[in-house]
$ cat protein03.cif   # mmCIF, C-alpha atoms and all ligand atoms
data_input
loop_
_atom_site.label_atom_id
_atom_site.label_comp_id
_atom_site.auth_asym_id
_atom_site.auth_seq_id
_atom_site.Cartn_x
_atom_site.Cartn_y
_atom_site.Cartn_z
CA MET A 16 14.69 60.67 -21.20
CA ASP A 17 15.10 60.40 -24.99
CA GLY A 18 18.28 60.39 -27.05
CA ARG A 19 18.88 60.55 -30.77
CA ALA A 20 21.96 60.08 -33.00
CA VAL A 21 22.69 59.89 -36.72
CA ALA A 22 25.43 57.70 -38.27
CA PRO A 23 26.72 57.61 -41.87
CA ALA A 24 27.25 54.60 -44.12
CA ALA A 25 30.75 53.56 -45.26
CA GLY A 26 32.37 52.35 -48.48
CA THR A 27 35.37 50.04 -48.68
CA ILE A 28 39.04 50.58 -49.44
CA LEU A 29 40.34 47.30 -47.97
CA THR A 30 37.93 44.52 -46.97
CA ALA A 31 39.07 42.90 -43.73
CA PHE A 32 38.08 39.26 -44.31
CA ALA A 33 41.48 38.10 -45.66
CA THR A 34 43.86 39.40 -42.96
CA GLY A 35 41.78 41.16 -40.28
CA THR A 36 43.08 44.58 -41.39
CA GLY A 37 40.52 46.78 -43.12
CA SER A 38 39.97 50.30 -44.38
CA ALA A 39 36.77 52.24 -45.10
CA PHE A 40 35.46 55.79 -45.65
CA ALA A 41 32.25 57.47 -44.47
CA VAL A 42 29.64 58.46 -47.10
CA ASP A 43 26.51 60.59 -46.78
CA LEU A 44 23.73 58.03 -46.44
CA GLU A 45 22.37 58.00 -42.88
CA THR A 46 20.79 55.89 -40.16
CA THR A 47 19.02 57.63 -37.26
CA ALA A 48 18.46 55.92 -33.90
CA THR A 49 16.02 57.23 -31.29
CA VAL A 50 16.28 55.78 -27.79
CA GLU A 51 13.72 56.14 -25.02
CA LEU A 52 14.86 54.92 -21.61
CA THR A 53 12.33 52.90 -19.60
CA SER A 54 12.26 51.53 -16.07
CA ASP A 55 11.30 47.91 -16.86
CA GLY A 56 14.82 46.59 -17.62
CA GLU A 57 13.70 45.39 -21.12
CA PHE A 58 15.41 46.26 -24.40
CA VAL A 59 13.04 46.43 -27.37
CA GLY A 60 14.09 47.38 -30.90
CA GLU A 61 12.09 48.43 -33.95
CA ILE A 62 13.35 49.04 -37.48
CA ASP A 63 11.16 51.54 -39.32
CA ASP A 64 9.46 49.97 -42.37
CA ARG A 65 11.24 46.60 -41.78
CA PRO A 66 9.05 44.67 -39.29
CA GLU A 67 10.52 41.33 -40.45
CA GLU A 68 14.19 42.27 -39.90
CA ASP A 69 16.22 41.11 -36.88
CA THR A 70 16.37 43.79 -34.13
CA SER A 71 18.86 41.98 -31.88
CA LEU A 72 21.83 44.22 -32.89
CA ILE A 73 20.23 47.48 -31.71
CA GLU A 74 18.79 45.83 -28.59
CA ARG A 75 22.25 44.47 -27.66
CA CYS A 76 23.85 47.89 -28.35
CA ALA A 77 21.45 49.66 -25.97
CA GLU A 78 21.83 46.92 -23.35
CA LEU A 79 25.65 46.95 -23.39
CA THR A 80 25.68 50.76 -23.22
CA VAL A 81 23.33 50.80 -20.22
CA ASP A 82 25.34 48.02 -18.50
CA ARG A 83 28.60 49.92 -18.98
CA TYR A 84 27.46 53.52 -18.36
CA ALA A 85 24.27 53.60 -16.20
CA ASP A 86 26.40 53.94 -13.07
CA GLN A 87 28.22 56.95 -14.51
CA ALA A 88 24.80 58.47 -15.24
CA GLY A 89 23.75 57.96 -11.60
CA LEU A 90 21.30 55.14 -12.43
CA ASN A 91 21.04 51.48 -11.42
CA ALA A 92 21.58 49.39 -14.58
CA ASP A 93 19.18 46.68 -13.34
CA ASP A 94 16.26 49.12 -13.44
CA VAL A 95 16.98 50.68 -16.83
CA GLY A 96 15.56 49.40 -20.12
CA ALA A 97 15.22 51.05 -23.53
CA ARG A 98 13.05 51.24 -26.63
CA VAL A 99 15.13 51.78 -29.76
CA LEU A 100 13.84 52.87 -33.17
CA THR A 101 16.07 53.06 -36.25
CA GLU A 102 15.18 54.83 -39.50
CA SER A 103 17.63 54.29 -42.33
CA GLU A 104 18.40 55.29 -45.90
CA ILE A 105 21.26 52.72 -46.06
CA PRO A 106 20.26 49.54 -47.91
CA MET A 107 20.60 46.58 -45.55
CA ALA A 108 23.12 43.77 -46.17
CA ALA A 109 24.35 45.55 -49.31
CA GLY A 110 28.00 46.12 -48.31
CA LEU A 111 27.49 49.73 -47.18
CA THR A 112 27.72 49.13 -43.42
CA SER A 113 24.07 49.38 -42.43
CA SER A 114 24.91 47.27 -39.36
CA SER A 115 27.78 49.48 -38.10
CA ALA A 116 25.76 52.66 -38.71
CA ALA A 117 22.79 51.21 -36.77
CA ALA A 118 25.14 50.15 -33.95
CA ASN A 119 26.96 53.51 -33.74
CA ALA A 120 23.72 55.51 -33.87
CA THR A 121 22.15 53.32 -31.15
CA VAL A 122 25.16 53.49 -28.80
CA LEU A 123 25.41 57.30 -29.10
CA ALA A 124 21.62 57.76 -28.83
CA THR A 125 21.65 55.66 -25.63
CA LEU A 126 24.52 57.76 -24.21
CA ASP A 127 22.56 60.87 -25.21
CA ALA A 128 19.50 59.54 -23.36
CA LEU A 129 21.72 58.85 -20.32
CA GLU A 130 22.93 62.49 -20.66
CA ILE A 131 26.63 61.50 -20.62
CA VAL A 132 27.44 61.48 -24.33
CA ASP A 133 30.11 64.20 -24.08
CA SER A 134 32.09 62.33 -21.44
CA VAL A 135 32.52 59.12 -23.47
CA ASP A 136 35.32 58.75 -26.01
CA ARG A 137 33.93 58.13 -29.54
CA ILE A 138 36.26 55.19 -30.19
CA ASP A 139 35.18 53.49 -26.95
CA ALA A 140 31.53 54.00 -27.99
CA CYS A 141 32.40 52.48 -31.37
CA ARG A 142 34.07 49.44 -29.75
CA LEU A 143 30.87 48.84 -27.76
CA GLY A 144 28.86 48.64 -31.01
CA VAL A 145 31.45 46.24 -32.45
CA THR A 146 31.14 44.02 -29.36
CA ALA A 147 27.35 44.01 -29.81
CA ALA A 148 27.73 43.08 -33.51
CA ARG A 149 30.02 40.17 -32.54
CA ASP A 150 27.59 39.06 -29.80
CA VAL A 151 24.63 38.82 -32.20
CA GLY A 152 26.64 37.38 -35.12
CA VAL A 153 26.13 40.05 -37.81
CA THR A 154 29.87 40.34 -38.44
CA THR A 155 32.85 38.12 -39.17
CA THR A 156 35.88 40.20 -38.07
CA GLY A 157 33.91 42.69 -35.94
CA ALA A 158 34.10 45.23 -38.82
CA PHE A 159 35.89 47.85 -36.70
CA ASP A 160 37.12 49.30 -40.04
CA ASP A 161 33.59 50.19 -41.19
CA ALA A 162 32.41 51.05 -37.69
CA SER A 163 35.30 53.48 -37.04
CA ALA A 164 34.81 55.22 -40.41
CA SER A 165 31.11 55.65 -39.61
CA MET A 166 31.82 56.83 -36.05
CA LEU A 167 34.71 59.23 -36.80
CA GLY A 168 34.12 60.17 -40.45
CA GLY A 169 36.87 60.27 -43.11
CA VAL A 170 39.05 57.29 -44.03
CA THR A 171 40.14 54.86 -41.32
CA ILE A 172 42.51 51.87 -41.40
CA THR A 173 42.12 49.38 -38.56
CA ASP A 174 43.30 46.08 -37.15
CA ASN A 175 40.03 44.26 -36.48
CA ASP A 176 41.73 41.50 -34.48
CA THR A 177 42.58 44.03 -31.74
CA ASP A 178 40.08 46.81 -32.58
CA THR A 179 42.99 49.23 -33.05
CA LEU A 180 42.85 52.39 -35.16
CA LEU A 181 46.02 52.44 -37.33
CA GLN A 182 45.36 55.58 -39.39
CA ARG A 183 42.65 58.21 -39.96
CA GLU A 184 42.58 60.85 -42.66
CA GLU A 185 39.90 63.37 -43.70
CA VAL A 186 39.12 63.22 -47.42
CA ASP A 187 36.74 65.10 -49.69
CA TRP A 188 35.68 62.81 -52.52
CA HIS A 189 32.75 62.31 -54.85
CA VAL A 190 31.49 58.75 -54.54
CA LEU A 191 29.38 56.70 -56.94
CA VAL A 192 27.59 53.69 -55.43
CA TYR A 193 25.88 50.91 -57.40
CA THR A 194 23.66 48.54 -55.41
CA PRO A 195 22.31 45.46 -57.24
CA PRO A 196 18.95 44.11 -56.03
CA GLU A 197 20.37 41.04 -54.24
CA ARG A 198 21.67 41.07 -50.63
CA ALA A 199 24.79 39.52 -48.98
CA TYR A 200 24.90 39.09 -45.19
CA SER A 201 28.43 39.66 -43.82
CA GLY A 202 28.07 36.90 -41.24
CA GLU A 203 27.74 34.37 -44.09
CA THR A 204 30.95 35.20 -46.02
CA ASP A 205 33.14 32.40 -47.48
CA MET A 206 36.17 33.02 -45.25
CA ASP A 207 38.27 30.18 -46.72
CA ALA A 208 38.14 31.84 -50.14
CA CYS A 209 39.00 35.23 -48.60
CA ARG A 210 42.04 33.89 -46.74
CA ARG A 211 43.55 32.73 -50.05
CA ILE A 212 43.87 36.34 -51.23
CA ALA A 213 45.79 37.47 -48.10
CA PRO A 214 48.94 38.44 -50.11
CA MET A 215 46.80 40.82 -52.21
CA ALA A 216 45.19 42.22 -49.04
CA GLU A 217 48.67 42.90 -47.65
CA LEU A 218 49.51 44.86 -50.80
CA VAL A 219 46.24 46.84 -50.48
CA GLU A 220 47.12 47.60 -46.85
CA GLU A 221 50.54 48.98 -47.87
CA LEU A 222 48.95 51.22 -50.51
CA ALA A 223 46.31 52.46 -48.06
CA LEU A 224 48.84 53.19 -45.31
CA ASP A 225 50.69 55.23 -47.97
CA SER A 226 47.39 57.16 -48.59
CA ARG A 227 47.23 55.68 -52.15
CA TYR A 228 43.55 54.97 -51.53
CA GLY A 229 42.34 54.82 -55.14
CA GLU A 230 44.86 52.17 -56.23
CA ALA A 231 44.24 50.31 -52.97
CA MET A 232 40.50 50.18 -53.69
CA THR A 233 40.90 48.86 -57.20
CA VAL A 234 43.33 46.08 -56.23
CA ASN A 235 40.96 45.20 -53.37
CA GLY A 236 38.04 45.08 -55.80
CA PHE A 237 39.65 42.64 -58.24
CA ALA A 238 40.87 40.39 -55.41
CA TYR A 239 37.52 40.24 -53.58
CA CYS A 240 35.39 39.93 -56.74
CA GLY A 241 37.54 36.85 -57.45
CA ALA A 242 37.30 35.39 -53.95
CA LEU A 243 33.59 36.07 -53.40
CA GLU A 244 32.56 35.36 -57.02
CA PHE A 245 31.14 38.79 -57.86
CA SER A 246 31.39 40.16 -61.40
CA THR A 247 34.26 42.52 -62.25
CA ALA A 248 32.16 44.03 -65.09
CA PRO A 249 30.94 47.06 -63.07
CA MET A 250 34.58 47.80 -62.15
CA LEU A 251 35.71 47.62 -65.79
CA GLU A 252 32.84 49.94 -66.79
CA ALA A 253 34.30 52.54 -64.37
CA MET A 254 37.95 52.13 -65.37
CA PRO A 255 40.40 53.61 -66.20
CA ASP A 256 39.10 57.15 -65.51
CA VAL A 257 37.97 56.82 -61.90
CA THR A 258 40.49 57.22 -59.05
CA GLY A 259 39.42 53.89 -57.57
CA VAL A 260 36.62 51.33 -57.73
CA THR A 261 35.86 48.23 -55.66
CA LEU A 262 33.26 45.78 -54.48
CA SER A 263 32.18 47.26 -51.12
CA GLY A 264 32.38 45.04 -48.02
CA SER A 265 30.85 41.63 -48.60
CA GLY A 266 28.97 43.05 -51.61
CA PRO A 267 26.88 43.25 -53.66
CA SER A 268 27.39 47.07 -53.90
CA TYR A 269 30.29 48.62 -55.81
CA VAL A 270 31.81 52.03 -54.94
CA ALA A 271 33.88 54.30 -57.17
CA VAL A 272 35.63 57.58 -56.29
CA GLY A 273 36.88 60.27 -58.67
CA GLU A 274 36.03 63.52 -60.42
CA ARG A 275 32.31 64.30 -60.40
CA ALA A 276 32.10 64.53 -64.23
CA THR A 277 33.81 61.13 -64.57
CA LEU A 278 31.42 59.56 -62.07
CA GLU A 279 28.44 61.07 -63.93
CA ASP A 280 29.63 59.23 -67.08
CA VAL A 281 30.07 55.99 -65.14
CA ARG A 282 26.62 56.49 -63.64
CA GLU A 283 25.08 56.35 -67.13
CA ARG A 284 26.67 52.92 -67.65
CA TRP A 285 25.75 51.62 -64.18
CA ASP A 286 22.18 52.95 -64.59
CA ASP A 287 21.69 50.33 -67.36
CA ARG A 288 22.11 47.65 -64.70
CA GLU A 289 19.34 46.36 -62.46
CA GLY A 290 19.39 48.06 -59.05
CA THR A 291 20.09 51.56 -57.71
CA THR A 292 22.91 54.01 -58.48
CA ARG A 293 23.63 56.92 -56.13
CA LEU A 294 26.06 59.85 -56.54
CA LEU A 295 27.21 60.81 -53.03
CA GLU A 296 30.02 62.56 -51.15
CA THR A 297 32.35 61.54 -48.35
CA ARG A 298 31.61 62.59 -44.75
CA THR A 299 34.19 63.87 -42.30
CA ASP A 300 31.93 64.40 -39.28
CA GLY A 301 30.98 60.77 -38.43
CA THR A 302 28.23 59.91 -35.95
CA GLN A 303 26.50 62.87 -34.28
CA THR A 304 23.85 63.26 -31.61
CA ARG A 305 20.69 65.18 -32.45
CA SER A 306 18.45 66.58 -29.76
CA THR A 307 14.91 65.18 -29.84
N1 LIG B 401 18.73 50.14 -39.49
C1 LIG B 401 19.00 49.03 -38.80
N2 LIG B 401 18.43 48.84 -37.59
C2 LIG B 401 18.69 47.72 -36.88
N3 LIG B 401 19.49 46.72 -37.29
C3 LIG B 401 20.09 46.87 -38.48
C4 LIG B 401 19.88 48.02 -39.30
N4 LIG B 401 20.60 47.87 -40.42
C5 LIG B 401 21.22 46.68 -40.32
N5 LIG B 401 20.92 46.06 -39.17
C6 LIG B 401 21.38 44.75 -38.72
O1 LIG B 401 22.52 44.40 -39.48
C7 LIG B 401 22.27 43.21 -40.26
C8 LIG B 401 22.93 43.34 -41.62
O2 LIG B 401 24.31 43.37 -41.40
P1 LIG B 401 25.36 43.10 -42.57
O3 LIG B 401 25.07 41.78 -43.19
O4 LIG B 401 26.71 43.32 -42.00
O5 LIG B 401 25.01 44.20 -43.64
P2 LIG B 401 25.75 45.55 -44.01
O6 LIG B 401 26.73 45.16 -45.05
O7 LIG B 401 24.68 46.45 -44.54
O8 LIG B 401 26.38 46.06 -42.74
C9 LIG B 401 20.75 43.12 -40.35
O9 LIG B 401 20.35 41.77 -40.50
C10 LIG B 401 20.33 43.70 -39.00
O10 LIG B 401 20.45 42.71 -38.00
O1 LIG B 402 31.78 41.47 -40.95
C1 LIG B 402 32.95 41.84 -41.20
O2 LIG B 402 33.91 41.44 -40.55
C2 LIG B 402 33.18 42.79 -42.31
C3 LIG B 402 32.12 43.21 -43.07
C4 LIG B 402 32.31 43.92 -44.33
O3 LIG B 402 31.40 44.96 -44.48
P1 LIG B 402 29.82 44.92 -44.82
O4 LIG B 402 29.15 44.53 -43.54
O5 LIG B 402 29.54 46.33 -45.19
O6 LIG B 402 29.56 43.96 -45.93
C5 LIG B 402 33.71 44.49 -44.57
O7 LIG B 402 33.66 45.78 -45.12
C6 LIG B 402 34.60 44.55 -43.37
O8 LIG B 402 35.92 44.81 -43.79
C7 LIG B 402 34.57 43.27 -42.56
#
$ encode --input "protein03.cif" --output "structure tokens"
Amino acid sequence: MDGRAVAPAAGTILTAFATGTGSAFAVDLETTATVELTSDGEFVGEIDDRPEEDTSLIERCAELTVDRYADQAGLNADDVGARVLTESEIPMAAGLTSSSAAANATVLATLDALEIVDSVDRIDACRLGVTAARDVGVTTTGAFDDASASMLGGVTITDNDTDTLLQREEVDWHVLVYTPPERAYSGETDMDACRRIAPMAELVEELALDSRYGEAMTVNGFAYCGALEFSTAPMLEAMPDVTGVTLSGSGPSYVAVGERATLEDVRERWDDREGTTRLLETRTDGTQTRST
């Protein structure tokens, strides 16, 4: 029994480190997970083209899904194992939610392999991936904001302390993403510095709950560039014409939203920087299964 699912990346509106409340939106870069169920009770992960990278997140996702749902699929969890393969176009540890996309794709692919994917609520599946991310230490708050945007599509606002969805809205934006060559692992964020900007995060939350996403992003960007010591120069190169621009997640990527022609101009400036610039669109469909 094989299962397969595809999950999108996410960009940031409100980073959750300061207060535990976060907001993110799905963008069209994808991770695919393929899951083959086995009868040896072992969970073995492989990341395509990244043999050195840690596979514990996808192994834990498959294991938790089997533990929780094997019964419902008419199987004995003790006898079921899985081999998981992920293939991804999302740069890893770059602030674009590679971890949540890998987790969502693996949980849904495992449910697909168990042939019960349609009977499981998407938000419950998402919470399972967040639990796995906490278990293996690739997240600080659980990142339910990023995970829910990747699972459901559109913009989500969440309370990551309780894994509660506060708001979801479908949007149709052009998105410019700049990814510098360095990497920043979310589990290693300077949380003391982030907690100092809590009053700014509360303001960003108010703007986001009012659907003023562009302004929310930009305030978030200045606050988190300050706290995490990233340059504000890429933001200033995008302003004032974009609708919003921010450091994404724990960095080092920056995301801007706005008119396509405006983003094409900004792209010319960001292309002079070291790294990769991508012109993308938002996604409203979230994580989907794909038959193998
Ligand atoms: N395609 C993938 N397959 C399996 N695990 C992945 C994949 N992408 C990311 N991860 C896991 O997530 C970790 C990176 O998480 P994180 O620092 O939160 O980065 P990001 O900001 O991209 O989510 C990696 O070390 C790895 O354990
Ligand atoms: O680990 C965490 O708690 C978080 C990780 C960040 O994302 P990245 O993993 O994309 O850097 C951030 O967007 C989110 O609000 C909280």
$ closest_residue --input "protein03.cif" --among "A:Ala108, A:Ser226, A:Thr70, A:Thr125" --to "Val151 in chain A" --atoms "all atoms listed in the file"
A:Thr70
$ atom_distance --input "protein03.cif" --atom1 "CA of Asp133 in chain A" --atom2 "CA of Gln303 in chain A"
10.9 Å
$ closest_residue --input "protein03.cif" --among "A:Glu279, A:Asp287, A:Glu68, A:Asp225" --to "ligand LIG 401 (chain B)" --atoms "all atoms listed in the file"
A:Glu68
$ closest_residue --input "protein03.cif" --among "A:Thr156, A:Thr53, A:Thr34, A:Thr233" --to "ligand LIG 401 (chain B)" --atoms "all atoms listed in the file"
A:Thr156
$ residues_near_ligand --input "protein03.cif" --ligand "ligand LIG 401 (chain B)" --cutoff "6 Å" --atoms "all atoms listed in the file" --output "list in words"
Ile62, Asp69, Thr70, Leu72, Ile73, Thr101, Glu102, Ser103, Met107, Ala108, Ala109, Gly110, Leu111, Thr112, Ser113, Ser114, Ser115, Ala117, Val153, Thr154, Tyr200 and Ser201 of chain A
$ residues_near_ligand --input "protein03.cif" --ligand "ligand LIG 402 (chain B)" --cutoff "9 Å" --atoms "all atoms listed in the file" --output "VMD selection string"
chain A and resid 24 to 33 35 to 39 107 to 115 148 to 149 152 to 162 175 199 to 204 263 to 268
$ residues_around --input "protein03.cif" --residues "Thr121 in chain A" --least-positions-apart "4" --cutoff "12 Å" --atoms "all atoms listed in the file" --output "ChimeraX atom specification"
/A:17-22,46-51,58,60-62,70-81,97-102,114-117,125-128,132,140-141,143-145,147-148,166,302-304
$ atom_distance --input "protein03.cif" --atom1 "CA of Arg137 in chain A" --atom2 "CA of Asn119 in chain A"
9.4 Å
$ atom_distance --input "protein03.cif" --atom1 "CA of Ala85 in chain A" --atom2 "CA of Ile131 in chain A"
9.4 Å
$ decode --input "protein03.cif" --residues "range 153-184 of chain A" --atoms "C-alpha atoms" --output "mmCIF file, in the first residue's frame"
data_model
loop_
_atom_site.group_PDB
_atom_site.id
_atom_site.type_symbol
_atom_site.label_atom_id
_atom_site.label_comp_id
_atom_site.auth_asym_id
_atom_site.auth_seq_id
_atom_site.Cartn_x
_atom_site.Cartn_y
_atom_site.Cartn_z
ATOM 1 C CA VAL A 153 12.713 21.293 14.727
ATOM 2 C CA THR A 154 10.381 23.999 16.050
ATOM 3 C CA THR A 155 10.163 26.477 18.905
ATOM 4 C CA THR A 156 6.424 27.263 19.192
ATOM 5 C CA GLY A 157 5.211 24.246 17.178
ATOM 6 C CA ALA A 158 4.740 26.526 14.127
ATOM 7 C CA PHE A 159 1.017 25.736 13.820
ATOM 8 C CA ASP A 160 0.757 29.065 11.919
ATOM 9 C CA ASP A 161 2.974 27.851 9.063
ATOM 10 C CA ALA A 162 1.685 24.286 9.256
ATOM 11 C CA SER A 163 -1.990 25.336 9.025
ATOM 12 C CA ALA A 164 -1.306 27.666 6.067
ATOM 13 C CA SER A 165 0.476 24.804 4.279
ATOM 14 C CA MET A 166 -2.261 22.294 5.159
ATOM 15 C CA LEU A 167 -5.329 24.470 4.379
ATOM 16 C CA GLY A 168 -3.957 27.008 1.873
ATOM 17 C CA GLY A 169 -4.655 30.764 2.034
ATOM 18 C CA VAL A 170 -3.789 32.958 5.021
ATOM 19 C CA THR A 171 -4.141 31.561 8.537
ATOM 20 C CA ILE A 172 -3.762 33.202 11.954
ATOM 21 C CA THR A 173 -3.175 30.832 14.866
ATOM 22 C CA ASP A 174 -2.478 30.582 18.569
ATOM 23 C CA ASN A 175 0.499 28.210 18.682
ATOM 24 C CA ASP A 176 0.266 27.764 22.464
ATOM 25 C CA THR A 177 -3.059 25.918 22.027
ATOM 26 C CA ASP A 178 -2.824 24.961 18.316
ATOM 27 C CA THR A 179 -6.024 26.920 17.654
ATOM 28 C CA LEU A 180 -7.004 28.356 14.264
ATOM 29 C CA LEU A 181 -8.152 31.969 14.873
ATOM 30 C CA GLN A 182 -8.809 33.056 11.271
ATOM 31 C CA ARG A 183 -8.458 31.770 7.697
ATOM 32 C CA GLU A 184 -8.904 33.747 4.507
#
